[in-house]
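Peer 1: Pasting structure_33.txt below, which is compact mmCIF, C-alpha atoms and all ligand atoms.
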```txt
# COMPACT_ATOMS: atom_id res chain seq x y z
CA MET N 1 2.39 21.68 -0.26
CA ASP N 2 3.22 24.12 -3.04
CA ASN N 3 0.88 24.52 -5.96
CA SER N 4 3.43 24.58 -8.71
CA THR N 5 1.19 25.15 -11.68
CA GLU N 6 -1.87 27.22 -12.33
CA ARG N 7 -4.06 24.49 -13.74
CA GLN N 8 -7.28 24.20 -11.78
CA GLY N 9 -9.60 21.29 -11.40
CA GLY N 10 -9.90 18.31 -9.11
CA VAL N 11 -8.39 14.88 -8.89
CA ARG N 12 -8.70 13.00 -12.16
CA LEU N 13 -6.86 9.83 -11.34
CA GLY N 14 -7.08 8.19 -7.92
CA CYS N 15 -4.36 5.61 -7.35
CA ILE N 16 -3.87 2.89 -4.75
CA ALA N 17 -0.34 1.48 -4.54
CA ASP N 18 0.60 -1.67 -2.62
CA ASP N 19 3.95 -0.32 -1.41
CA PHE N 20 5.75 2.95 -0.96
CA THR N 21 8.37 2.78 -3.68
CA GLY N 22 5.77 1.47 -6.07
CA ALA N 23 3.61 4.48 -5.29
CA THR N 24 6.49 6.81 -6.07
CA ASP N 25 7.29 4.96 -9.26
CA LEU N 26 3.70 5.46 -10.42
CA ALA N 27 3.65 9.09 -9.32
CA ASN N 28 6.88 9.63 -11.27
CA ASN N 29 5.32 8.39 -14.49
CA LEU N 30 2.28 10.60 -13.99
CA VAL N 31 4.48 13.66 -13.35
CA ARG N 32 6.47 12.96 -16.52
CA ALA N 33 3.20 12.79 -18.42
CA GLY N 34 2.31 16.26 -17.09
CA MET N 35 0.15 15.57 -14.05
CA ARG N 36 0.76 17.35 -10.75
CA VAL N 37 0.95 14.53 -8.24
CA VAL N 38 0.75 14.19 -4.48
CA GLN N 39 1.55 10.88 -2.83
CA THR N 40 -0.01 10.22 0.55
CA ILE N 41 1.37 7.78 3.07
CA GLY N 42 -1.54 5.58 3.96
CA VAL N 43 -5.14 6.75 3.74
CA PRO N 44 -5.40 10.41 4.84
CA THR N 45 -7.86 11.32 7.56
CA ALA N 46 -8.57 14.77 6.08
CA PRO N 47 -9.40 16.01 2.58
CA LEU N 48 -6.50 16.69 0.21
CA ASP N 49 -4.99 20.14 0.93
CA ALA N 50 -3.03 20.58 -2.32
CA GLN N 51 -3.78 21.02 -6.01
CA ALA N 52 -3.20 17.74 -7.81
CA ASP N 53 -4.36 16.03 -10.98
CA ALA N 54 -3.56 12.65 -9.48
CA VAL N 55 -3.20 11.38 -5.95
CA VAL N 56 -1.40 8.17 -5.14
CA VAL N 57 -2.32 6.59 -1.81
CA ALA N 58 0.68 4.52 -0.74
CA LEU N 59 -0.23 1.46 1.28
CA LYS N 60 2.11 -1.18 2.66
CA SER N 61 -0.18 -4.02 1.68
CA ARG N 62 1.88 -6.19 -0.64
CA THR N 63 2.71 -8.94 1.82
CA ILE N 64 0.16 -8.49 4.61
CA ALA N 65 -2.81 -10.88 5.07
CA PRO N 66 -5.21 -10.68 2.10
CA ALA N 67 -8.21 -9.60 4.21
CA GLU N 68 -6.21 -6.71 5.66
CA ALA N 69 -4.94 -5.68 2.20
CA VAL N 70 -8.53 -5.66 0.96
CA ALA N 71 -9.73 -3.54 3.91
CA GLN N 72 -6.97 -0.96 3.44
CA SER N 73 -7.51 -0.81 -0.32
CA LEU N 74 -11.25 -0.26 0.10
CA ALA N 75 -10.60 2.55 2.60
CA ALA N 76 -8.24 4.16 0.08
CA LEU N 77 -10.87 3.79 -2.64
CA GLN N 78 -13.48 5.51 -0.52
CA TRP N 79 -11.18 8.46 0.29
CA LEU N 80 -10.19 8.84 -3.37
CA GLN N 81 -13.84 8.81 -4.42
CA GLU N 82 -14.52 11.54 -1.84
CA GLN N 83 -11.78 13.64 -3.49
CA GLY N 84 -13.62 13.29 -6.79
CA ALA N 85 -11.35 10.79 -8.53
CA GLU N 86 -12.78 9.91 -11.94
CA GLN N 87 -10.76 6.74 -12.56
CA ILE N 88 -9.12 4.33 -10.08
CA TYR N 89 -5.70 2.76 -10.64
CA PHE N 90 -4.51 -0.17 -8.49
CA LYS N 91 -0.72 -0.27 -8.73
CA TYR N 92 1.50 -3.27 -7.93
CA CYS N 93 5.11 -4.10 -8.65
CA SER N 94 6.47 -4.40 -12.19
CA THR N 95 7.63 -7.88 -11.20
CA PHE N 96 4.04 -8.76 -10.12
CA ASP N 97 5.27 -9.40 -6.57
CA SER N 98 2.73 -11.45 -4.70
CA THR N 99 2.46 -14.46 -2.47
CA PRO N 100 0.41 -17.51 -3.53
CA GLU N 101 -2.56 -16.07 -1.56
CA GLY N 102 -2.34 -12.60 -3.08
CA ASN N 103 -2.64 -9.78 -2.74
CA ILE N 104 -3.10 -8.71 -6.34
CA GLY N 105 -6.10 -10.97 -6.98
CA PRO N 106 -8.06 -10.40 -3.76
CA VAL N 107 -7.61 -6.60 -3.89
CA THR N 108 -8.62 -6.45 -7.56
CA ASP N 109 -11.74 -8.52 -6.84
CA ALA N 110 -12.73 -6.26 -3.94
CA LEU N 111 -12.15 -3.00 -5.84
CA MET N 112 -14.18 -4.27 -8.82
CA GLN N 113 -17.03 -5.21 -6.56
CA ALA N 114 -16.97 -1.86 -4.76
CA LEU N 115 -16.90 0.02 -8.07
CA GLY N 116 -19.62 -2.20 -9.53
CA THR N 117 -17.52 -3.05 -12.56
CA GLY N 118 -17.25 -6.45 -14.24
CA PHE N 119 -14.03 -6.01 -16.19
CA THR N 120 -10.51 -4.69 -15.73
CA ILE N 121 -7.00 -5.29 -16.96
CA ALA N 122 -3.80 -6.41 -15.25
CA THR N 123 -0.33 -5.79 -16.61
CA PRO N 124 2.98 -4.99 -14.93
CA ALA N 125 4.56 -4.07 -18.31
CA PHE N 126 6.96 -1.11 -18.15
CA PRO N 127 9.27 -1.37 -21.17
CA ASP N 128 11.29 1.76 -20.17
CA ASN N 129 12.25 -0.23 -17.09
CA LYS N 130 12.82 -3.47 -19.01
CA ARG N 131 9.58 -5.13 -17.93
CA THR N 132 7.75 -6.56 -20.93
CA VAL N 133 4.86 -8.99 -21.24
CA PHE N 134 4.53 -11.31 -24.23
CA LYS N 135 1.83 -14.00 -24.52
CA GLY N 136 1.18 -13.35 -20.85
CA TYR N 137 4.78 -14.16 -19.84
CA LEU N 138 6.63 -11.49 -17.89
CA PHE N 139 10.23 -10.71 -18.82
CA ALA N 140 12.66 -8.73 -16.66
CA GLY N 141 15.27 -7.53 -19.12
CA ASP N 142 16.28 -10.46 -21.34
CA VAL N 143 15.09 -13.23 -19.04
CA LEU N 144 11.81 -14.60 -17.75
CA LEU N 145 10.69 -13.38 -14.32
CA ASN N 146 11.63 -16.65 -12.63
CA GLU N 147 15.23 -16.40 -13.92
CA SER N 148 15.68 -12.74 -12.99
CA GLY N 149 16.63 -13.06 -9.33
CA MET N 150 12.99 -12.60 -8.29
CA GLN N 151 12.80 -16.35 -7.63
CA ASP N 152 15.00 -15.59 -4.57
CA HIS N 153 13.13 -12.56 -3.23
CA PRO N 154 13.02 -12.66 0.59
CA LEU N 155 9.24 -12.09 0.84
CA THR N 156 7.66 -12.70 -2.56
CA PRO N 157 9.67 -15.28 -4.51
CA MET N 158 8.26 -15.38 -8.07
CA LYS N 159 8.71 -18.84 -9.55
CA ASP N 160 6.18 -18.75 -12.40
CA PRO N 161 6.55 -16.18 -15.22
CA ASN N 162 3.06 -16.85 -16.68
CA LEU N 163 0.86 -14.07 -15.32
CA VAL N 164 -2.44 -15.61 -16.41
CA ARG N 165 -1.57 -18.61 -14.25
CA VAL N 166 -0.20 -16.53 -11.36
CA LEU N 167 -3.28 -14.29 -11.22
CA GLN N 168 -5.77 -17.09 -11.81
CA ALA N 169 -4.51 -18.75 -8.63
CA GLN N 170 -5.38 -15.61 -6.63
CA THR N 171 -8.78 -14.54 -7.96
CA GLN N 172 -12.35 -15.82 -8.06
CA GLN N 173 -12.73 -14.38 -11.55
CA LYS N 174 -11.75 -15.81 -14.89
CA VAL N 175 -8.43 -14.43 -16.17
CA GLY N 176 -7.88 -13.88 -19.89
CA LEU N 177 -5.23 -12.41 -22.19
CA VAL N 178 -5.05 -9.49 -24.62
CA ASP N 179 -2.04 -10.59 -26.59
CA TYR N 180 0.47 -8.64 -28.61
CA GLN N 181 -1.24 -9.20 -31.95
CA THR N 182 -4.24 -7.24 -30.69
CA ILE N 183 -2.13 -4.49 -29.14
CA ALA N 184 -0.35 -4.00 -32.49
CA GLN N 185 -3.73 -3.34 -34.17
CA GLY N 186 -4.48 -0.26 -32.05
CA ALA N 187 -6.92 1.04 -29.46
CA ASP N 188 -10.11 0.08 -31.28
CA ALA N 189 -8.95 -3.52 -31.64
CA ILE N 190 -8.03 -3.57 -27.95
CA ARG N 191 -11.48 -2.31 -26.97
CA ALA N 192 -13.07 -4.93 -29.22
CA ARG N 193 -10.98 -7.62 -27.55
CA PHE N 194 -12.06 -6.36 -24.10
CA ALA N 195 -15.68 -6.80 -25.19
CA THR N 196 -15.06 -10.30 -26.55
CA LEU N 197 -13.29 -11.41 -23.39
CA GLN N 198 -16.05 -9.98 -21.23
CA ALA N 199 -18.64 -11.86 -23.30
CA GLU N 200 -16.61 -15.02 -22.64
CA GLY N 201 -16.89 -14.45 -18.90
CA VAL N 202 -13.42 -13.02 -18.34
CA GLY N 203 -13.23 -10.50 -15.49
CA ILE N 204 -9.54 -9.61 -15.61
CA ALA N 205 -7.36 -9.53 -18.72
CA ILE N 206 -3.57 -9.74 -18.63
CA VAL N 207 -2.27 -7.38 -21.35
CA ASP N 208 0.91 -7.82 -23.43
CA ALA N 209 3.16 -4.81 -24.07
CA LEU N 210 6.67 -4.70 -25.53
CA ALA N 211 7.33 -0.98 -25.98
CA SER N 212 6.26 2.33 -24.47
CA ALA N 213 4.20 3.02 -27.58
CA ASP N 214 2.11 -0.06 -26.73
CA LEU N 215 1.25 1.48 -23.37
CA VAL N 216 0.17 4.73 -25.01
CA THR N 217 -2.08 2.75 -27.37
CA LEU N 218 -3.42 0.77 -24.43
CA GLY N 219 -3.98 4.00 -22.48
CA ALA N 220 -6.38 5.28 -25.11
CA ALA N 221 -8.35 2.04 -24.89
CA LEU N 222 -8.63 2.45 -21.10
CA LYS N 223 -10.47 5.78 -21.30
CA GLY N 224 -13.50 5.58 -19.04
CA MET N 225 -12.65 2.16 -17.55
CA PRO N 226 -13.59 2.55 -13.86
CA LEU N 227 -10.65 0.48 -12.60
CA VAL N 228 -7.22 -0.13 -14.09
CA THR N 229 -4.78 -2.51 -12.38
CA ALA N 230 -1.16 -2.40 -13.47
CA GLY N 231 2.46 -1.73 -12.67
CA SER N 232 3.45 1.88 -13.11
CA GLY N 233 3.96 1.66 -16.88
CA VAL N 234 0.31 1.90 -17.96
CA ALA N 235 0.15 5.33 -16.29
CA ILE N 236 2.09 6.96 -19.15
CA GLY N 237 -0.91 6.46 -21.42
CA LEU N 238 -3.65 7.79 -19.14
CA PRO N 239 -3.13 11.58 -18.71
CA GLN N 240 -3.91 12.09 -22.42
CA ASN N 241 -7.43 10.86 -21.71
CA PHE N 242 -7.91 13.87 -19.40
CA GLY N 243 -6.45 16.39 -21.89
CA ILE N 244 -3.15 16.63 -19.97
CA ALA N 245 0.21 16.79 -21.83
CA PRO N 246 3.85 16.71 -20.54
CA ASP N 247 4.86 19.93 -18.70
CA SER N 248 8.15 20.38 -16.75
CA GLN N 249 6.39 22.58 -14.16
CA ALA N 250 4.60 19.47 -12.90
CA ALA N 251 7.94 18.33 -11.36
CA ALA N 252 8.96 21.57 -9.56
CA LEU N 253 10.35 21.08 -5.97
CA PRO N 254 11.96 23.48 -3.44
CA ALA N 255 15.79 23.92 -3.60
CA ALA N 256 17.86 21.13 -1.96
CA GLU N 257 20.10 21.72 1.09
CA GLY N 258 21.61 19.87 4.08
CA LEU N 259 23.61 16.67 4.57
CA GLN N 260 23.38 13.54 2.40
CA ALA N 261 22.92 9.85 3.27
CA VAL N 262 21.83 6.50 1.84
CA VAL N 263 20.16 3.68 3.79
CA SER N 264 19.58 0.32 2.14
CA GLY N 265 17.59 -2.68 3.34
CA SER N 266 17.12 -4.13 -0.14
CA CYS N 267 18.81 -7.41 -1.07
CA SER N 268 17.84 -7.29 -4.74
CA VAL N 269 20.39 -7.85 -7.48
CA ALA N 270 20.53 -4.20 -8.56
CA THR N 271 20.91 -2.94 -4.99
CA ASN N 272 23.77 -5.34 -4.28
CA ARG N 273 25.54 -3.82 -7.29
CA GLN N 274 24.76 -0.25 -6.16
CA VAL N 275 26.15 -0.93 -2.68
CA ALA N 276 29.31 -2.44 -4.18
CA GLU N 277 29.73 0.52 -6.50
CA PHE N 278 29.28 3.05 -3.67
CA ILE N 279 31.87 1.23 -1.55
CA ALA N 280 34.24 1.15 -4.55
CA THR N 281 34.19 4.97 -4.67
CA GLY N 282 35.87 4.97 -1.24
CA ARG N 283 32.99 6.76 0.50
CA PRO N 284 32.04 5.73 4.07
CA ALA N 285 29.80 2.63 4.21
CA LEU N 286 28.62 0.62 7.22
CA ALA N 287 27.15 -2.90 7.04
CA ILE N 288 24.39 -3.85 9.48
CA ASP N 289 24.50 -7.42 10.81
CA PRO N 290 20.96 -8.81 11.41
CA LEU N 291 22.27 -11.34 13.92
CA ARG N 292 23.60 -8.54 16.12
CA ILE N 293 20.15 -6.89 16.01
CA ALA N 294 18.66 -10.22 17.11
CA GLU N 295 21.16 -10.41 19.97
CA GLY N 296 19.87 -7.05 21.21
CA ALA N 297 22.94 -4.95 20.38
CA ASP N 298 22.35 -1.19 19.92
CA VAL N 299 22.94 -1.35 16.19
CA ARG N 300 21.05 1.88 15.57
CA GLY N 301 23.08 3.84 18.13
CA GLU N 302 26.34 2.43 16.79
CA ALA N 303 25.44 3.37 13.21
CA LEU N 304 24.52 6.92 14.14
CA ALA N 305 27.70 7.36 16.19
CA TRP N 306 29.66 6.05 13.19
CA ALA N 307 27.91 8.43 10.77
CA LYS N 308 27.95 11.58 12.92
CA ASP N 309 31.37 12.98 12.05
CA LYS N 310 31.46 11.55 8.53
CA LEU N 311 28.34 13.30 7.20
CA ALA N 312 30.04 16.66 6.72
CA GLY N 313 32.39 15.02 4.18
CA GLY N 314 29.62 13.93 1.80
CA PRO N 315 27.14 11.05 1.50
CA VAL N 316 27.43 8.00 3.79
CA LEU N 317 25.81 4.59 3.32
CA VAL N 318 24.30 2.30 5.97
CA TYR N 319 23.16 -1.05 4.57
CA SER N 320 21.91 -4.53 5.45
CA THR N 321 22.06 -5.47 1.77
CA ALA N 322 23.44 -8.99 1.34
CA GLU N 323 23.71 -11.75 -1.27
CA PRO N 324 20.90 -14.39 -1.48
CA ALA N 325 22.88 -17.12 0.30
CA SER N 326 23.56 -14.85 3.25
CA VAL N 327 19.90 -13.71 3.38
CA ARG N 328 18.74 -17.34 3.39
CA ALA N 329 21.13 -18.18 6.22
CA ILE N 330 19.80 -15.26 8.32
CA GLN N 331 16.20 -16.22 7.54
CA GLY N 332 16.93 -19.82 8.51
CA ARG N 333 18.09 -18.65 11.92
CA LEU N 334 15.56 -15.87 12.60
CA GLY N 335 12.54 -16.70 10.41
CA VAL N 336 11.70 -14.86 7.17
CA GLU N 337 9.20 -12.36 8.55
CA GLN N 338 11.02 -11.75 11.78
CA ALA N 339 14.34 -11.10 10.04
CA GLY N 340 12.62 -8.74 7.59
CA ALA N 341 10.73 -6.79 10.23
CA MET N 342 13.72 -6.49 12.52
CA VAL N 343 16.03 -5.20 9.82
CA GLU N 344 13.37 -2.80 8.50
CA GLU N 345 12.80 -1.35 11.96
CA THR N 346 16.52 -0.86 12.55
CA ILE N 347 17.17 0.77 9.17
CA ALA N 348 14.13 3.02 9.66
CA GLY N 349 15.41 4.08 13.10
CA ILE N 350 18.76 4.88 11.55
CA ALA N 351 17.09 6.94 8.79
CA ARG N 352 15.22 8.96 11.41
CA GLY N 353 18.41 9.47 13.39
CA LEU N 354 20.30 10.62 10.31
CA VAL N 355 17.65 13.24 9.59
CA GLU N 356 17.88 14.38 13.22
CA LEU N 357 21.62 14.78 12.58
CA GLY N 358 20.88 17.17 9.71
CA VAL N 359 20.47 14.93 6.68
CA ARG N 360 18.08 16.67 4.27
CA GLN N 361 18.83 14.58 1.16
CA LEU N 362 18.05 10.94 1.87
CA VAL N 363 18.18 7.95 -0.48
CA VAL N 364 16.31 4.82 0.71
CA ALA N 365 16.70 1.48 -1.07
CA GLY N 366 14.09 -1.25 -0.70
CA GLY N 367 10.31 -1.20 -1.05
CA GLU N 368 9.42 -2.53 2.37
CA THR N 369 12.38 -0.67 3.82
CA SER N 370 11.09 2.60 2.35
CA GLY N 371 7.70 2.05 3.91
CA ALA N 372 9.32 1.60 7.31
CA CYS N 373 11.54 4.69 6.85
CA VAL N 374 8.67 6.94 5.81
CA GLN N 375 6.67 5.78 8.83
CA ALA N 376 9.62 6.40 11.16
CA LEU N 377 9.98 9.91 9.70
CA GLN N 378 6.20 10.44 10.15
CA ILE N 379 5.86 11.68 6.58
CA ALA N 380 2.17 12.08 5.64
CA GLN N 381 2.45 13.24 2.05
CA MET N 382 5.05 14.03 -0.57
CA ARG N 383 5.15 16.28 -3.64
CA ILE N 384 6.71 14.34 -6.51
CA GLY N 385 9.61 15.90 -8.46
CA ALA N 386 11.89 14.97 -11.35
CA GLN N 387 13.19 11.44 -11.82
CA ILE N 388 16.73 10.26 -11.11
CA ASP N 389 16.29 7.01 -13.02
CA PRO N 390 13.17 5.47 -14.53
CA GLY N 391 10.71 4.87 -11.72
CA VAL N 392 12.64 6.78 -9.05
CA PRO N 393 11.98 10.50 -8.54
CA TRP N 394 13.18 12.89 -5.86
CA CYS N 395 10.34 13.92 -3.58
CA HIS N 396 9.87 16.70 -1.04
CA ALA N 397 8.17 16.05 2.28
CA LEU N 398 7.64 17.50 5.72
CA SER N 399 8.65 15.51 8.81
CA PRO N 400 8.71 16.36 12.54
CA ALA N 401 12.45 15.55 12.24
CA ALA N 402 12.79 18.12 9.41
CA PRO N 403 10.05 20.74 9.87
CA GLN N 404 11.23 22.78 6.87
CA GLY N 405 11.12 19.64 4.76
CA LEU N 406 13.62 17.20 3.26
CA HIS N 407 14.32 15.67 -0.11
CA ILE N 408 13.85 11.92 -0.11
CA THR N 409 13.94 9.26 -2.80
CA LEU N 410 12.55 5.76 -2.38
CA LYS N 411 14.20 3.21 -4.66
CA SER N 412 12.63 -0.19 -4.98
CA GLY N 413 15.02 -3.10 -5.17
CA ASN N 414 15.70 -3.67 -8.82
CA PHE N 415 15.59 -0.05 -9.96
CA GLY N 416 18.43 2.32 -10.73
CA THR N 417 21.81 2.20 -12.45
CA PRO N 418 24.86 0.85 -10.55
CA ASP N 419 26.00 4.40 -9.66
CA PHE N 420 22.55 5.36 -8.34
CA PHE N 421 23.71 6.08 -4.77
CA THR N 422 26.07 8.85 -5.92
CA LYS N 423 24.22 9.98 -9.05
CA ALA N 424 21.08 10.73 -7.04
CA PHE N 425 22.79 13.60 -5.20
CA SER N 426 24.35 15.11 -8.31
CA THR N 427 20.92 15.36 -9.97
CA LEU N 428 19.45 17.47 -7.12
P1 LIG L 501 13.31 -4.84 -2.31
O1 LIG L 501 12.73 -3.56 -2.80
O2 LIG L 501 14.69 -5.10 -2.84
O3 LIG L 501 12.39 -6.00 -2.46
P2 LIG L 501 12.53 -4.67 0.45
O4 LIG L 501 12.97 -3.65 1.44
O5 LIG L 501 11.14 -4.55 -0.10
O6 LIG L 501 13.59 -4.62 -0.73
O7 LIG L 501 12.62 -6.13 1.01
C1 LIG L 501 13.80 -6.64 1.55
C2 LIG L 501 13.45 -7.37 2.85
O8 LIG L 501 14.61 -8.10 3.25
C3 LIG L 501 13.12 -6.43 3.99
O9 LIG L 501 12.10 -6.98 4.78
C4 LIG L 501 14.43 -6.34 4.77
O10 LIG L 501 14.27 -5.98 6.11
C5 LIG L 501 14.94 -7.75 4.61
N1 LIG L 501 16.40 -7.81 4.75
C6 LIG L 501 17.29 -6.83 4.49
N2 LIG L 501 18.55 -7.21 4.70
C7 LIG L 501 18.47 -8.50 5.12
C8 LIG L 501 19.45 -9.46 5.48
N3 LIG L 501 20.77 -9.17 5.46
N4 LIG L 501 19.01 -10.68 5.86
C9 LIG L 501 17.69 -10.98 5.87
N5 LIG L 501 16.72 -10.12 5.52
C10 LIG L 501 17.10 -8.89 5.15
```
Using structure tokens, write down the structure from this file.
Peer 2:
Amino acid sequence: MDNSTERQGGVRLGCIADDFTGATDLANNLVRAGMRVVQTIGVPTAPLDAQADAVVVALKSRTIAPAEAVAQSLAALQWLQEQGAEQIYFKYCSTFDSTPEGNIGPVTDALMQALGTGFTIATPAFPDNKRTVFKGYLFAGDVLLNESGMQDHPLTPMKDPNLVRVLQAQTQQKVGLVDYQTIAQGADAIRARFATLQAEGVGIAIVDALASADLVTLGAALKGMPLVTAGSGVAIGLPQNFGIAPDSQAAALPAAEGLQAVVSGSCSVATNRQVAEFIATGRPALAIDPLRIAEGADVRGEALAWAKDKLAGGPVLVYSTAEPASVRAIQGRLGVEQAGAMVEETIAGIARGLVELGVRQLVVAGGETSGACVQALQIAQMRIGAQIDPGVPWCHALSPAAPQGLHITLKSGNFGTPDFFTKAFSTL
């Protein structure tokens, strides 16, 4: 890991993210706010070997059993505390992705208990990325969460936009609300509201936010709070509390080289559009059929043979991305989890193979898919660079398949403009 800036000092902010793309999204916001950030894949077994103001431990705990998510999150907490982290940040998706059992509530409860703290906040608001919260209701763009496409998500369908209700169903603690009227009155009013809610027995407060400025105001009110739980948006308001200001050096990465490829296992609305747009440019694109994987066909080998002589001509795309009706049909035949795991494993194997073929600039679409790809590439940690689109930075990482390192970007489903799959390469 390079130490791109001279600033000394230990880890200020210790972050625990419930999936890989979410971790990168958070790291991206911290870099833009001037922090030098390292993202680790899972809980490291050794102390941090790079200079960083913030470390984001990326777990893959969003849809696993709650007890397992809690255990992994507590292990991450302990490692972060050993690195000297002064404040802990539990990061989940900006669409509050969770199953009825969790894992946002159970993990929050466990972290609070371990930190000995009786109060925290919860808000996925990220107005730069069109996620706003008003009166506790989450909007994605102009529509409520449950009208945004998230109601059809393969693993975490979100059918209720009211976050107080959603979280209350997952936690032992009382959930309250800091509404927009309070936010508009500034940091002191927010702190006063925290105190009132706590006195009323509230353990976790959902927080409204409509604009980036609201998150900066909120950030000031979070100074010294042992645990913050949020999407990635709240991060923009925290570095100021540690005397850190925006600095372009925080995003410095090595120069890019090598072949270019995109793999996509995301079926989200934005990804479907990005796949269509890439195909419309006339570049090579190969669709993966989950049923053929289930039949035992060598889908990975076929994809790599297809890609081999095309890579020299520019970026290629391999995708399992499909419309909701098609995803439901596949899930009906294979089972939701089995279909997901099988496709993830295949796409990850293809990503590894592409890097072995010389790809050194890799775009991955899909949160779960990214987790699988990073594991297949045996990436342990990544230095976070400049963003391509809000929430999606280029990163630089070492892998046994690319000992000198590769550039990789992990795009969660609903992020990125329609031309993301081509734009990403032109920004490197
Ligand atoms: P997103 O970030 O869009 O939510 P994820 O990768 O997190 O994307 O989740 C998508 C899930 O859907 C993964 O488990 C993936 O393997 C699965 N999947 C991908 N393509 C298909 C398909 N054609 N049919 C069924 N499931 C699919």
Peer 1: So which one's closest to N:Ala339, N:Gly371, N:Pro124, N:Gly416, N:Pro154? Using all atoms listed in the file, please.
Peer 2: N:Pro154
Peer 1: Could you tell me how far atom CA of N:Asp289 lies from atom CA of N:Arg333, in Å and to one decimal?
Peer 2: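 Pair atom CA of N:Asp289 / atom CA of N:Arg333 returns 13.0 Å.
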Peer 1: Box in all listed atoms of stretch 45-64 of chain N, axis-aligned, with 8 Å more on each side; write out centre and edge lengths in Å to one decimal as lines of an AutoDock Vina configuration file.
Peer 2:
```
center_x = -3.3
center_y = 6.0
center_z = -1.7
size_x = 28.1
size_y = 46.0
size_z = 34.5
```
Peer 1: Please compute the atom CA of N:Gly335-atom O10 of ligand LIG 501 (chain L) distance, one decimal, in Å.
Peer 2: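 Spanning atom CA of N:Gly335 to atom O10 of ligand LIG 501 (chain L) is a straight-line distance of 11.7 Å.
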Peer 1: So, counting only C-alpha atoms, which residue among N:Ala270, N:Ile288, N:Ala294, N:Leu410 is closest to N:Gln331?
Peer 2: N:Ala294
Peer 1: What are the closest atom pairs, with distances in Å to one decimal, for all residues of chain N lying within 7 Å of ligand LIG 501 (chain L)? Consider only C-alpha atoms and all ligand atoms, order rows by chain and residue number, and present the result as a tab-separated table.
Peer 2:
```
residue	atom	partner	partner_atom	distance
N:His153	CA	L:LIG501	O3	6.6
N:Pro154	CA	L:LIG501	O8	5.5
N:Leu155	CA	L:LIG501	C2	6.6
N:Gly265	CA	L:LIG501	C6	4.3
N:Ser266	CA	L:LIG501	O6	3.6
N:Cys267	CA	L:LIG501	O2	5.0
N:Ser268	CA	L:LIG501	O2	4.3
N:Thr271	CA	L:LIG501	O2	6.9
N:Asp289	CA	L:LIG501	N3	6.8
N:Pro290	CA	L:LIG501	N3	6.0
N:Ser320	CA	L:LIG501	N2	4.4
N:Thr321	CA	L:LIG501	N2	4.9
N:Ala322	CA	L:LIG501	N3	4.9
N:Ser326	CA	L:LIG501	N4	6.7
N:Val327	CA	L:LIG501	N4	4.0
N:Arg328	CA	L:LIG501	C9	6.9
N:Ile330	CA	L:LIG501	N4	5.3
N:Gln331	CA	L:LIG501	C9	5.7
N:Ala339	CA	L:LIG501	N5	5.2
N:Gly340	CA	L:LIG501	O9	3.4
N:Ala341	CA	L:LIG501	O10	5.5
N:Met342	CA	L:LIG501	O10	6.5
N:Val343	CA	L:LIG501	O10	4.2
N:Glu344	CA	L:LIG501	O10	4.1
N:Ala365	CA	L:LIG501	O1	6.6
N:Gly366	CA	L:LIG501	O4	3.4
N:Gly367	CA	L:LIG501	O5	3.6
N:Glu368	CA	L:LIG501	O5	3.6
N:Thr369	CA	L:LIG501	O4	3.9
N:Ser370	CA	L:LIG501	O4	6.6
N:Ser412	CA	L:LIG501	O1	4.0
N:Gly413	CA	L:LIG501	O2	3.1
N:Asn414	CA	L:LIG501	O2	6.2
```
Peer 1: Give the answer as one residue: which of N:Pro66, N:Gly231, N:Pro393, N:Pro106 has the shortest atom-to-atom distance to N:Phe90, using only C-alpha atoms?
Peer 2: N:Gly231
Peer 1: If you count only C-alpha atoms, which residues fall within 9 Å of N:Ala235, apart from same-chain ones fewer than 6 positions away, as a list in words?
Peer 2: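 Result of the neighbour search: Leu26, Ala27, Asn29, Leu30, Ala33, Tyr89, Leu215, Val216 and Gly219 of chain N.
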Peer 1: Which residue, N:Val392, N:Ala220, N:Leu167, N:Ala125, has the smallest gap to N:Phe20 when you use all atoms listed in the file?
Peer 2: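 Using all atoms listed in the file, the shortest distance to N:Phe20 belongs to N:Val392.
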Peer 1: May I have the residues at most 10 Å from (-5.3, 8.1, -7.7) in the file's coordinates, counting all atoms listed in the file, as a short mmCIF file (atom, residue, chain, number, x, y, z; two decimals) with C-alpha atoms, in the frame of the given file?
Peer 2:
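result35.cif, written as the output of this step:
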```
data_model
loop_
_atom_site.label_atom_id
_atom_site.label_comp_id
_atom_site.auth_asym_id
_atom_site.auth_seq_id
_atom_site.Cartn_x
_atom_site.Cartn_y
_atom_site.Cartn_z
CA VAL N 11 -8.39 14.88 -8.89
CA ARG N 12 -8.70 13.00 -12.16
CA LEU N 13 -6.86 9.83 -11.34
CA GLY N 14 -7.08 8.19 -7.92
CA CYS N 15 -4.36 5.61 -7.35
CA ILE N 16 -3.87 2.89 -4.75
CA ALA N 17 -0.34 1.48 -4.54
CA ALA N 23 3.61 4.48 -5.29
CA LEU N 26 3.70 5.46 -10.42
CA ALA N 27 3.65 9.09 -9.32
CA VAL N 37 0.95 14.53 -8.24
CA VAL N 38 0.75 14.19 -4.48
CA GLN N 39 1.55 10.88 -2.83
CA ALA N 52 -3.20 17.74 -7.81
CA ASP N 53 -4.36 16.03 -10.98
CA ALA N 54 -3.56 12.65 -9.48
CA VAL N 55 -3.20 11.38 -5.95
CA VAL N 56 -1.40 8.17 -5.14
CA VAL N 57 -2.32 6.59 -1.81
CA ALA N 58 0.68 4.52 -0.74
CA ALA N 76 -8.24 4.16 0.08
CA LEU N 77 -10.87 3.79 -2.64
CA TRP N 79 -11.18 8.46 0.29
CA LEU N 80 -10.19 8.84 -3.37
CA GLN N 81 -13.84 8.81 -4.42
CA GLN N 83 -11.78 13.64 -3.49
CA GLY N 84 -13.62 13.29 -6.79
CA ALA N 85 -11.35 10.79 -8.53
CA GLU N 86 -12.78 9.91 -11.94
CA GLN N 87 -10.76 6.74 -12.56
CA ILE N 88 -9.12 4.33 -10.08
CA TYR N 89 -5.70 2.76 -10.64
CA PHE N 90 -4.51 -0.17 -8.49
CA LYS N 91 -0.72 -0.27 -8.73
#
```
